[in-house]
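Chemist: Okay, here's the structure, questions in a sec.
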Amino acid sequence: MTLVLRTGEDRHAEHVMDIVRGGAQDSANDVVTQSWSRCLNEYRLHPDKAREPAVISHAALEERRERQADVIDSARYEMTTLYQQLGDADSAVVLTDIDGVIVHMVASTEFAAEMGPLGLRPGGMWSETEAGTNGMGTCLAAAAPISVRREDHFFTHFTQLTCSAVPVYDPSGHIAAVLDVTSRSSMMQQHLLVLLGMTARMIENRLIDRRFRNAHPLHFHSRPEFVYTLHEGRLAVGDDGRILAANRSALFQLGLQTVDEIRSRHIEDLFQTSLEDMLQRSTQSSFHPIVTFRANAALRFFAVARRPATESGATVHALSGAAGPSSTASSTPSTAVARLAPRAVTAARASAQSPTFNDTRLAAHLETARRVIARQTPVLLCGETGSGKEVFARAVHEASPHAGGAFVAINCASLPETLIESELFGYRAGAFTGAQRTGRRGKILQADGGTLFLDEIADMPLDLQARLLRVLDERQVTPLGTEETYAVDFQLISASHQRLPELVREGRFREDLYYRLSGIELLLPALRERSDKRELIHGVLKAEGGRGAALSSAAERLLMEHAWPGNIRQLRHVLRTAAALADGETIQCEHLPGLHDDSAAATPRAAASLPPVVSAVPLLPALPAVADSATPPLKLNPIQVNERQVLLQMLEQHRWNVSNVAKALDVSRNTLYRKLHKLHIEISHPE
């Protein structure tokens with residue numbers, strides 16, 4: 001008797017045949033087994049009969065790439081980022097079209113050369129009918145994320161590979177591509193499916209922006225911190241308020257299953273607001289999330305709406321008088337404006353005449369900034385704290401050629417010095433202790449194709465200023481923990497409430513960086529200097545208190561005469577608090593306690609009769625001092641001094657019972673104790 005030894009490949013083929021013939025393919029939960037069954041019974045494939053890899057011609061590949069151009073362009077950068085996050089030289093990030101043909105791939109030269117003979121290269125066909133059970137083809141067949149690990153493959157010559165793949169959906173809700181990671185790894189791939197899912201969502205969002213550049217982008221989520229993140233709902237809204245497209249997160253949050261259920265419905269069918277109202281409130285809130293509610297439901301959302309990217313870009317182009325591709329040398333600004341669609345011209349005028357920018361000097365600065373940034377000139381904004389530098393920067397971005405990209409803001413004063421470098425430049429996985437395991441894209445890379453806004457630039461450490469200067473000169477970024485560089489293209493807007501020339505003279509800011517940032521330097525007026533102060537007050541009141549909020553003539557006069565050291569930020573807090581105190585009634589002077597003249601200031605007893613604010617510790621201007629309160633420490637800033645006085649008043653009102661004050665403010669006692677400690681308020685009265 002001759003003993004026949006079975007090889008691993010023989011055993012794999014027998015295993016596949018036994019599973020399928022044994023009826024295990026009836027298991028509804030076993031996607032791999034169902035695929036094996038299709039390969040044997042429908043496609044007439046055999047696991048141990050190797051096939052020549054199917055690869056389409058170069059001309060056919062270029063034709064497919066042209067058809068998939070917007071998908072590939074949306075995926076290209078995200079695929080490179082994912083490949084860097086993986087940090088595995090024996091892996092490839094692959095994009096296929098809906099026929100399973102590879103149209104784009106990111107891999108090392110060595111790995112691509114080794115895998116080419118197996119068909120893992122651009123033009124390779126990886127549908128189930130050609131390549132059997134595999135990540136890309138089976139993902140298409142199952143229309144679901146899948147991991148195919150080594151022996152899960154149908155063909156034995158693919159059992160050296162592990163594939164994880166997810167579908168990428170277009171704005172209509174149909175599969176547009178498959179995103180896959182193929183490697184030699186024998187490890188389980190669940191973590192890869194998470195990373196692939198996140199990358200697919202980013203590609204889908206980019207695809208919406210590309211295909212609906214003439215639409216209004218609307219970002220929303222039930223939690224404000226998730227707006228402008230990967231988890232946000234994204235809608236593309238037409239001029240008439242009709243929904244044109246939605247991402248998967250939007251459908252999930254709205255309780256819908258398919259894009260067909262939302263397409264062509266109006267904004268009013270989904271939210272208790274109109275498109276114009278949402279656009280106006282978003283502008284007034286500096287494009288921070290505003291509150292809205294689900295139509296016919298009590299569900300609350302936080303949303304931001306913006307003008308179309310093409311409208312903003314066209315406006316800048318026309319107003320700058322730049323000649324477009326079809327323009328002649330004799331084109332003038334007036335003829336360029338005349339060629340604009342009427343709606344774009346209307347939007348440009350509306351933007352300039354909005355309550356936020358109706359001040360003559362501010363409107364002129366905005367027009368100047370729009371002109372120069374269209375020519376890649378950096379803009380440096382100067383102005384007092386709270387004067388609206390970020391609002392101004394966002395308005396410049398919205399009307400720039402890069403409006404379709406992201407507006408990435410970073411406050412250099414709010415980050416610990418040790419984190420600024422990683423925030424700006426990003427880092428590779430494991431670059432330092434405490435780093436995220438997947439690494440992180442820096443703010444500069446996130447701003448690629450858009451605008452980078454560096455607020456409080458004067459607070460950037462000197463050694464980091466040198467690195468920033470090099471990035472601005474070379475337009476390349478090198479993340480921490482890696483030697484690889486990435487080309488970036490972004491508009492730069494910086495801002496500071498300090499005078500940079502003075503810091504340069506004192507040796508606290510690099511002179512060369514200052515000249516690199518200040519292509520043009522614009523000084524934004526303080527609130528007390530603005531000619532549109534009355535309109536701005538009423539616009540902020542509408543945003544903070546709703547349409548029904550109103551001011552008495554005396555309250556309006558008080559607001560107009562105040563010096564506003566905290567500028568627009570202070571105005572927002574004052575009007576928000578006043579609207580809460582008025583509780584739907586016309587706002588009177590008594591609802592603005594911090595704005596009274598000293599001669600008319602309320603006594604502690606009168607102040608104690610005011611209804612307590614129950615949402616948060618308000619940030620108010622100076623309130624009448626409590627009789628036995630100590631002088632605030634010099635280290636507190638003006639806003640903290642105001643907070644301190646408010647808390648001292650409430651402690652007096654509640655006889656220094658911290659529990660009752662915490663209850664009135666709707667915060668925990670621990671939170672209140674931390675606030676008291678920060679504001680140097682000693683609790684010497686026993687509860």
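Each chain in the structure tokens gets a letter, A, B, ..., in the order shown, and its residues are numbered from 1; ligands are numbered from 1 in order too.
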Extract, using only C-alpha atoms, all DNA, RNA and protein residues at most 6 Å from stretch 154-165 of chain A, discarding same-chain residues fewer than 5 positions from it, and format them as an NGL selection string.
Modeler: :A and (9 or 47-48 or 132-133 or 135-136 or 145-149 or 179-184)
Chemist: Counting only C-alpha atoms, which residues in stretch 373-395 of chain A sit no more than 12 Å from stretch 276-284 of chain A? For each one, give the nearest pair of atoms and the distance in Å, sorted by chain then residue number, as CSV.
Modeler:
residue,atom,partner,partner_atom,distance
A:Gly388,CA,A:Gln284,CA,10.3
A:Glu390,CA,A:Thr283,CA,11.2
A:Val391,CA,A:Thr283,CA,7.8
A:Phe392,CA,A:Thr283,CA,10.0
A:Ala393,CA,A:Thr283,CA,11.7
A:Arg394,CA,A:Thr283,CA,9.0
A:Ala395,CA,A:Thr283,CA,8.3
Chemist: Report as a short mmCIF file (atom, residue, chain, number, x, y, z; two decimals) with all heavy atoms, in the first residue's frame all protein, DNA and RNA residues lying within 10 Å of stretch 535-551 of chain A, evaluated on only C-alpha atoms, omitting residues in the same chain fewer than 3 positions from it.
Modeler:
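This is the output file part_28.cif:
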data_model
loop_
_atom_site.label_atom_id
_atom_site.label_comp_id
_atom_site.auth_asym_id
_atom_site.auth_seq_id
_atom_site.Cartn_x
_atom_site.Cartn_y
_atom_site.Cartn_z
N ASP A 277 -32.97 80.73 7.04
CA ASP A 277 -32.82 80.98 8.48
C ASP A 277 -31.58 80.28 9.01
O ASP A 277 -30.81 80.84 9.80
CB ASP A 277 -34.06 80.49 9.22
CG ASP A 277 -33.93 80.67 10.73
OD1 ASP A 277 -33.91 81.83 11.19
OD2 ASP A 277 -33.86 79.66 11.45
N GLN A 280 -28.43 82.15 7.83
CA GLN A 280 -28.22 83.40 8.54
C GLN A 280 -27.73 83.14 9.96
O GLN A 280 -26.78 83.77 10.43
CB GLN A 280 -29.52 84.20 8.58
CG GLN A 280 -29.37 85.56 9.26
CD GLN A 280 -30.66 86.35 9.24
OE1 GLN A 280 -31.71 85.84 8.86
NE2 GLN A 280 -30.60 87.61 9.65
N ARG A 281 -28.36 82.20 10.65
CA ARG A 281 -27.95 81.92 12.03
C ARG A 281 -26.56 81.30 12.08
O ARG A 281 -25.80 81.55 13.01
CB ARG A 281 -28.98 80.98 12.68
CG ARG A 281 -30.33 81.63 12.93
CD ARG A 281 -31.36 80.60 13.34
NE ARG A 281 -30.96 79.92 14.55
CZ ARG A 281 -31.38 78.71 14.90
NH1 ARG A 281 -32.19 78.03 14.09
NH2 ARG A 281 -30.98 78.16 16.04
N SER A 282 -26.21 80.49 11.08
CA SER A 282 -24.86 79.90 11.04
C SER A 282 -23.80 80.99 10.87
O SER A 282 -22.75 80.96 11.51
CB SER A 282 -24.76 78.88 9.90
OG SER A 282 -25.62 77.79 10.12
N THR A 283 -24.08 81.96 10.00
CA THR A 283 -23.14 83.06 9.80
C THR A 283 -22.98 83.87 11.07
O THR A 283 -21.87 84.21 11.48
CB THR A 283 -23.62 83.96 8.66
OG1 THR A 283 -23.75 83.20 7.47
CG2 THR A 283 -22.62 85.09 8.41
N GLN A 284 -24.10 84.16 11.73
CA GLN A 284 -24.05 84.96 12.95
C GLN A 284 -23.36 84.23 14.10
O GLN A 284 -22.82 84.86 15.00
CB GLN A 284 -25.47 85.37 13.36
CG GLN A 284 -26.12 86.35 12.41
CD GLN A 284 -27.58 86.58 12.71
OE1 GLN A 284 -28.21 85.83 13.46
NE2 GLN A 284 -28.15 87.63 12.15
N SER A 285 -23.36 82.91 14.06
CA SER A 285 -22.74 82.14 15.13
C SER A 285 -21.29 81.79 14.82
O SER A 285 -20.71 80.92 15.47
CB SER A 285 -23.52 80.84 15.38
OG SER A 285 -23.34 79.94 14.30
N ILE A 290 -25.53 75.55 15.55
CA ILE A 290 -26.73 76.19 16.09
C ILE A 290 -27.78 75.12 16.38
O ILE A 290 -27.74 74.03 15.81
CB ILE A 290 -27.29 77.24 15.11
CG1 ILE A 290 -27.65 76.56 13.78
CG2 ILE A 290 -26.30 78.37 14.90
CD1 ILE A 290 -28.37 77.46 12.80
N VAL A 291 -28.71 75.44 17.24
CA VAL A 291 -29.73 74.46 17.64
C VAL A 291 -30.88 74.47 16.66
O VAL A 291 -31.36 75.54 16.23
CB VAL A 291 -30.25 74.77 19.06
CG1 VAL A 291 -31.38 73.81 19.43
CG2 VAL A 291 -29.12 74.67 20.07
N SER A 354 -24.64 91.94 5.32
CA SER A 354 -25.16 91.23 6.48
C SER A 354 -24.82 91.98 7.74
O SER A 354 -23.88 92.77 7.78
CB SER A 354 -24.56 89.82 6.54
OG SER A 354 -23.19 89.90 6.81
N PRO A 355 -25.60 91.79 8.83
CA PRO A 355 -25.31 92.50 10.07
C PRO A 355 -23.89 92.28 10.56
O PRO A 355 -23.32 93.12 11.24
CB PRO A 355 -26.33 91.90 11.05
CG PRO A 355 -27.44 91.40 10.19
CD PRO A 355 -26.79 90.95 8.92
N THR A 356 -23.29 91.15 10.22
CA THR A 356 -21.95 90.88 10.71
C THR A 356 -20.90 91.76 10.03
O THR A 356 -19.91 92.12 10.63
CB THR A 356 -21.60 89.40 10.46
OG1 THR A 356 -22.63 88.58 10.99
CG2 THR A 356 -20.29 89.03 11.13
N PHE A 357 -21.11 92.13 8.78
CA PHE A 357 -20.10 92.86 8.02
C PHE A 357 -20.64 94.15 7.40
O PHE A 357 -20.22 94.55 6.34
CB PHE A 357 -19.52 91.98 6.92
CG PHE A 357 -18.92 90.71 7.42
CD1 PHE A 357 -19.48 89.49 7.10
CD2 PHE A 357 -17.80 90.74 8.23
CE1 PHE A 357 -18.93 88.31 7.57
CE2 PHE A 357 -17.24 89.57 8.70
CZ PHE A 357 -17.80 88.36 8.38
N ASN A 358 -21.59 94.80 8.05
CA ASN A 358 -22.17 96.00 7.47
C ASN A 358 -21.41 97.26 7.85
O ASN A 358 -21.74 98.33 7.40
CB ASN A 358 -23.64 96.13 7.89
CG ASN A 358 -24.47 96.79 6.81
OD1 ASN A 358 -24.15 96.73 5.63
ND2 ASN A 358 -25.54 97.45 7.22
N ASP A 359 -20.44 97.13 8.73
CA ASP A 359 -19.57 98.25 9.04
C ASP A 359 -18.71 98.57 7.82
O ASP A 359 -18.17 97.67 7.18
CB ASP A 359 -18.67 97.90 10.23
CG ASP A 359 -17.65 98.97 10.52
OD1 ASP A 359 -18.00 99.97 11.17
OD2 ASP A 359 -16.49 98.80 10.09
N LEU A 527 -15.94 96.39 18.74
CA LEU A 527 -17.39 96.56 18.68
C LEU A 527 -17.79 98.01 18.94
O LEU A 527 -18.69 98.54 18.29
CB LEU A 527 -18.06 95.62 19.70
CG LEU A 527 -19.58 95.75 19.85
CD1 LEU A 527 -20.28 95.55 18.51
CD2 LEU A 527 -20.09 94.74 20.88
N ARG A 530 -17.69 100.19 15.76
CA ARG A 530 -18.38 99.77 14.54
C ARG A 530 -19.62 100.61 14.27
O ARG A 530 -20.40 100.92 15.17
CB ARG A 530 -18.74 98.29 14.62
CG ARG A 530 -17.52 97.40 14.52
CD ARG A 530 -17.82 95.94 14.62
NE ARG A 530 -18.76 95.47 13.61
CZ ARG A 530 -18.94 94.21 13.26
NH1 ARG A 530 -18.19 93.27 13.84
NH2 ARG A 530 -19.81 93.86 12.36
N SER A 531 -19.79 100.95 12.99
CA SER A 531 -20.94 101.76 12.59
C SER A 531 -22.22 100.94 12.50
O SER A 531 -23.31 101.51 12.47
CB SER A 531 -20.66 102.42 11.23
OG SER A 531 -20.42 101.42 10.23
N ASP A 532 -22.10 99.62 12.47
CA ASP A 532 -23.28 98.75 12.38
C ASP A 532 -23.62 98.12 13.72
O ASP A 532 -24.23 97.06 13.78
CB ASP A 532 -23.06 97.65 11.34
CG ASP A 532 -21.91 96.71 11.72
OD1 ASP A 532 -21.08 97.10 12.56
OD2 ASP A 532 -21.86 95.60 11.17
N ALA A 554 -35.03 101.59 26.30
CA ALA A 554 -34.03 101.88 27.33
C ALA A 554 -32.93 100.82 27.32
O ALA A 554 -31.74 101.15 27.47
CB ALA A 554 -34.70 101.95 28.70
N ALA A 555 -33.30 99.55 27.15
CA ALA A 555 -32.31 98.48 27.11
C ALA A 555 -31.41 98.62 25.88
O ALA A 555 -30.20 98.42 25.95
CB ALA A 555 -33.00 97.12 27.12
N GLU A 556 -32.01 98.98 24.75
CA GLU A 556 -31.21 99.17 23.54
C GLU A 556 -30.23 100.32 23.72
O GLU A 556 -29.06 100.23 23.31
CB GLU A 556 -32.13 99.46 22.35
CG GLU A 556 -31.36 99.63 21.04
CD GLU A 556 -32.27 99.93 19.87
OE1 GLU A 556 -32.93 98.98 19.39
OE2 GLU A 556 -32.33 101.10 19.45
N ARG A 557 -30.69 101.41 24.35
CA ARG A 557 -29.80 102.54 24.59
C ARG A 557 -28.63 102.14 25.50
O ARG A 557 -27.49 102.53 25.29
CB ARG A 557 -30.59 103.69 25.22
CG ARG A 557 -29.77 104.97 25.40
CD ARG A 557 -30.66 106.17 25.71
NE ARG A 557 -31.47 105.95 26.90
CZ ARG A 557 -32.79 105.71 26.89
NH1 ARG A 557 -33.43 105.63 25.73
NH2 ARG A 557 -33.45 105.52 28.01
N LEU A 559 -27.33 99.17 25.77
CA LEU A 559 -26.42 98.34 24.99
C LEU A 559 -25.57 99.18 24.04
O LEU A 559 -24.40 98.91 23.84
CB LEU A 559 -27.22 97.30 24.19
CG LEU A 559 -27.89 96.18 25.00
CD1 LEU A 559 -28.91 95.45 24.13
CD2 LEU A 559 -26.87 95.21 25.55
N MET A 560 -26.18 100.18 23.45
CA MET A 560 -25.46 101.03 22.50
C MET A 560 -24.39 101.86 23.18
O MET A 560 -23.35 102.15 22.59
CB MET A 560 -26.45 101.95 21.76
CG MET A 560 -27.33 101.25 20.76
SD MET A 560 -26.37 100.62 19.33
CE MET A 560 -25.81 102.17 18.60
N ILE A 568 -17.66 91.30 20.66
CA ILE A 568 -18.83 90.52 20.24
C ILE A 568 -19.03 89.31 21.12
O ILE A 568 -20.17 88.91 21.40
CB ILE A 568 -18.68 90.10 18.76
CG1 ILE A 568 -18.53 91.33 17.87
CG2 ILE A 568 -19.88 89.27 18.30
CD1 ILE A 568 -18.21 91.02 16.42
N LEU A 571 -20.87 90.49 24.03
CA LEU A 571 -22.24 90.82 23.63
C LEU A 571 -23.11 89.57 23.56
O LEU A 571 -24.26 89.57 24.01
CB LEU A 571 -22.22 91.54 22.28
CG LEU A 571 -23.58 91.84 21.64
CD1 LEU A 571 -24.37 92.82 22.49
CD2 LEU A 571 -23.40 92.39 20.22
N ARG A 572 -22.56 88.49 22.99
CA ARG A 572 -23.34 87.26 22.88
C ARG A 572 -23.73 86.73 24.26
O ARG A 572 -24.88 86.34 24.49
CB ARG A 572 -22.53 86.19 22.13
CG ARG A 572 -22.37 86.45 20.66
CD ARG A 572 -21.77 85.25 19.95
NE ARG A 572 -21.53 85.53 18.55
CZ ARG A 572 -22.48 85.50 17.61
NH1 ARG A 572 -23.71 85.20 17.95
NH2 ARG A 572 -22.18 85.77 16.37
N HIS A 573 -22.78 86.71 25.19
CA HIS A 573 -23.07 86.19 26.52
C HIS A 573 -24.10 87.06 27.24
O HIS A 573 -25.01 86.55 27.91
CB HIS A 573 -21.78 86.11 27.34
CG HIS A 573 -20.84 85.05 26.89
ND1 HIS A 573 -21.22 83.72 26.79
CD2 HIS A 573 -19.54 85.09 26.50
CE1 HIS A 573 -20.19 83.01 26.37
NE2 HIS A 573 -19.16 83.81 26.19
N VAL A 574 -23.97 88.38 27.09
CA VAL A 574 -24.91 89.29 27.76
C VAL A 574 -26.32 89.09 27.22
O VAL A 574 -27.29 88.97 27.98
CB VAL A 574 -24.46 90.75 27.57
CG1 VAL A 574 -25.56 91.72 27.97
CG2 VAL A 574 -23.20 91.01 28.39
N LEU A 575 -26.48 89.03 25.89
CA LEU A 575 -27.81 88.89 25.30
C LEU A 575 -28.39 87.49 25.53
O LEU A 575 -29.60 87.33 25.69
CB LEU A 575 -27.76 89.20 23.80
CG LEU A 575 -27.48 90.67 23.46
CD1 LEU A 575 -27.45 90.87 21.95
CD2 LEU A 575 -28.54 91.58 24.08
N ARG A 576 -27.53 86.47 25.56
CA ARG A 576 -28.02 85.12 25.87
C ARG A 576 -28.60 85.07 27.29
O ARG A 576 -29.67 84.52 27.52
CB ARG A 576 -26.89 84.11 25.72
CG ARG A 576 -27.31 82.65 25.95
CD ARG A 576 -26.10 81.74 25.81
NE ARG A 576 -25.48 81.90 24.51
CZ ARG A 576 -24.20 81.71 24.27
NH1 ARG A 576 -23.38 81.37 25.26
NH2 ARG A 576 -23.70 81.86 23.05
N THR A 577 -27.88 85.68 28.22
CA THR A 577 -28.34 85.71 29.60
C THR A 577 -29.59 86.56 29.75
O THR A 577 -30.55 86.19 30.44
CB THR A 577 -27.23 86.24 30.53
OG1 THR A 577 -26.07 85.43 30.36
CG2 THR A 577 -27.67 86.20 31.98
N ALA A 578 -29.62 87.72 29.06
CA ALA A 578 -30.78 88.60 29.14
C ALA A 578 -32.03 87.92 28.60
O ALA A 578 -33.12 88.05 29.17
CB ALA A 578 -30.49 89.89 28.37
N ALA A 579 -31.89 87.19 27.50
CA ALA A 579 -33.04 86.47 26.93
C ALA A 579 -33.56 85.42 27.90
O ALA A 579 -34.77 85.21 28.03
CB ALA A 579 -32.65 85.82 25.60
N ALA A 580 -32.62 84.76 28.62
CA ALA A 580 -33.05 83.76 29.61
C ALA A 580 -33.77 84.42 30.78
O ALA A 580 -34.80 83.92 31.27
CB ALA A 580 -31.84 82.98 30.11
N ALA A 582 -35.37 87.34 30.72
CA ALA A 582 -36.65 87.92 30.27
C ALA A 582 -37.70 86.85 30.05
O ALA A 582 -38.90 87.13 30.15
CB ALA A 582 -36.42 88.72 28.99
N ASP A 583 -37.27 85.63 29.72
CA ASP A 583 -38.19 84.49 29.58
C ASP A 583 -39.36 84.78 28.64
O ASP A 583 -40.52 84.59 28.98
CB ASP A 583 -38.71 84.07 30.95
CG ASP A 583 -39.34 82.67 30.93
OD1 ASP A 583 -39.00 81.90 30.02
OD2 ASP A 583 -40.17 82.38 31.82
N GLY A 584 -39.03 85.27 27.44
CA GLY A 584 -40.06 85.51 26.44
C GLY A 584 -40.63 86.91 26.43
O GLY A 584 -41.32 87.30 25.48
N GLU A 585 -40.39 87.68 27.46
CA GLU A 585 -40.87 89.06 27.52
C GLU A 585 -39.85 89.99 26.88
O GLU A 585 -38.72 89.61 26.59
CB GLU A 585 -41.12 89.47 28.98
CG GLU A 585 -42.11 88.59 29.72
CD GLU A 585 -43.52 88.69 29.16
OE1 GLU A 585 -43.86 89.78 28.64
OE2 GLU A 585 -44.27 87.70 29.22
N THR A 586 -40.26 91.25 26.67
CA THR A 586 -39.33 92.25 26.15
C THR A 586 -38.20 92.47 27.15
O THR A 586 -38.43 92.61 28.34
CB THR A 586 -40.05 93.58 25.89
OG1 THR A 586 -41.08 93.36 24.91
CG2 THR A 586 -39.09 94.63 25.36
N ILE A 587 -36.96 92.48 26.65
CA ILE A 587 -35.81 92.66 27.52
C ILE A 587 -35.76 94.10 28.03
O ILE A 587 -35.78 95.06 27.24
CB ILE A 587 -34.51 92.31 26.77
CG1 ILE A 587 -34.50 90.81 26.43
CG2 ILE A 587 -33.27 92.68 27.58
CD1 ILE A 587 -33.32 90.39 25.58
N GLN A 588 -35.74 94.23 29.36
CA GLN A 588 -35.67 95.53 30.01
C GLN A 588 -34.28 95.74 30.60
O GLN A 588 -33.44 94.83 30.60
CB GLN A 588 -36.73 95.62 31.12
CG GLN A 588 -38.14 95.30 30.67
CD GLN A 588 -38.73 96.35 29.74
OE1 GLN A 588 -38.27 97.50 29.71
NE2 GLN A 588 -39.75 95.97 28.98
N CYS A 589 -34.07 96.92 31.15
CA CYS A 589 -32.76 97.23 31.74
C CYS A 589 -32.42 96.31 32.90
O CYS A 589 -31.25 95.98 33.11
CB CYS A 589 -32.74 98.69 32.22
SG CYS A 589 -32.73 99.89 30.86
#
Chemist: Could you please determine the separation between atom CA of A:His46 and atom CA of A:Val16 in Å, to one decimal place?
Modeler: 9.4 Å
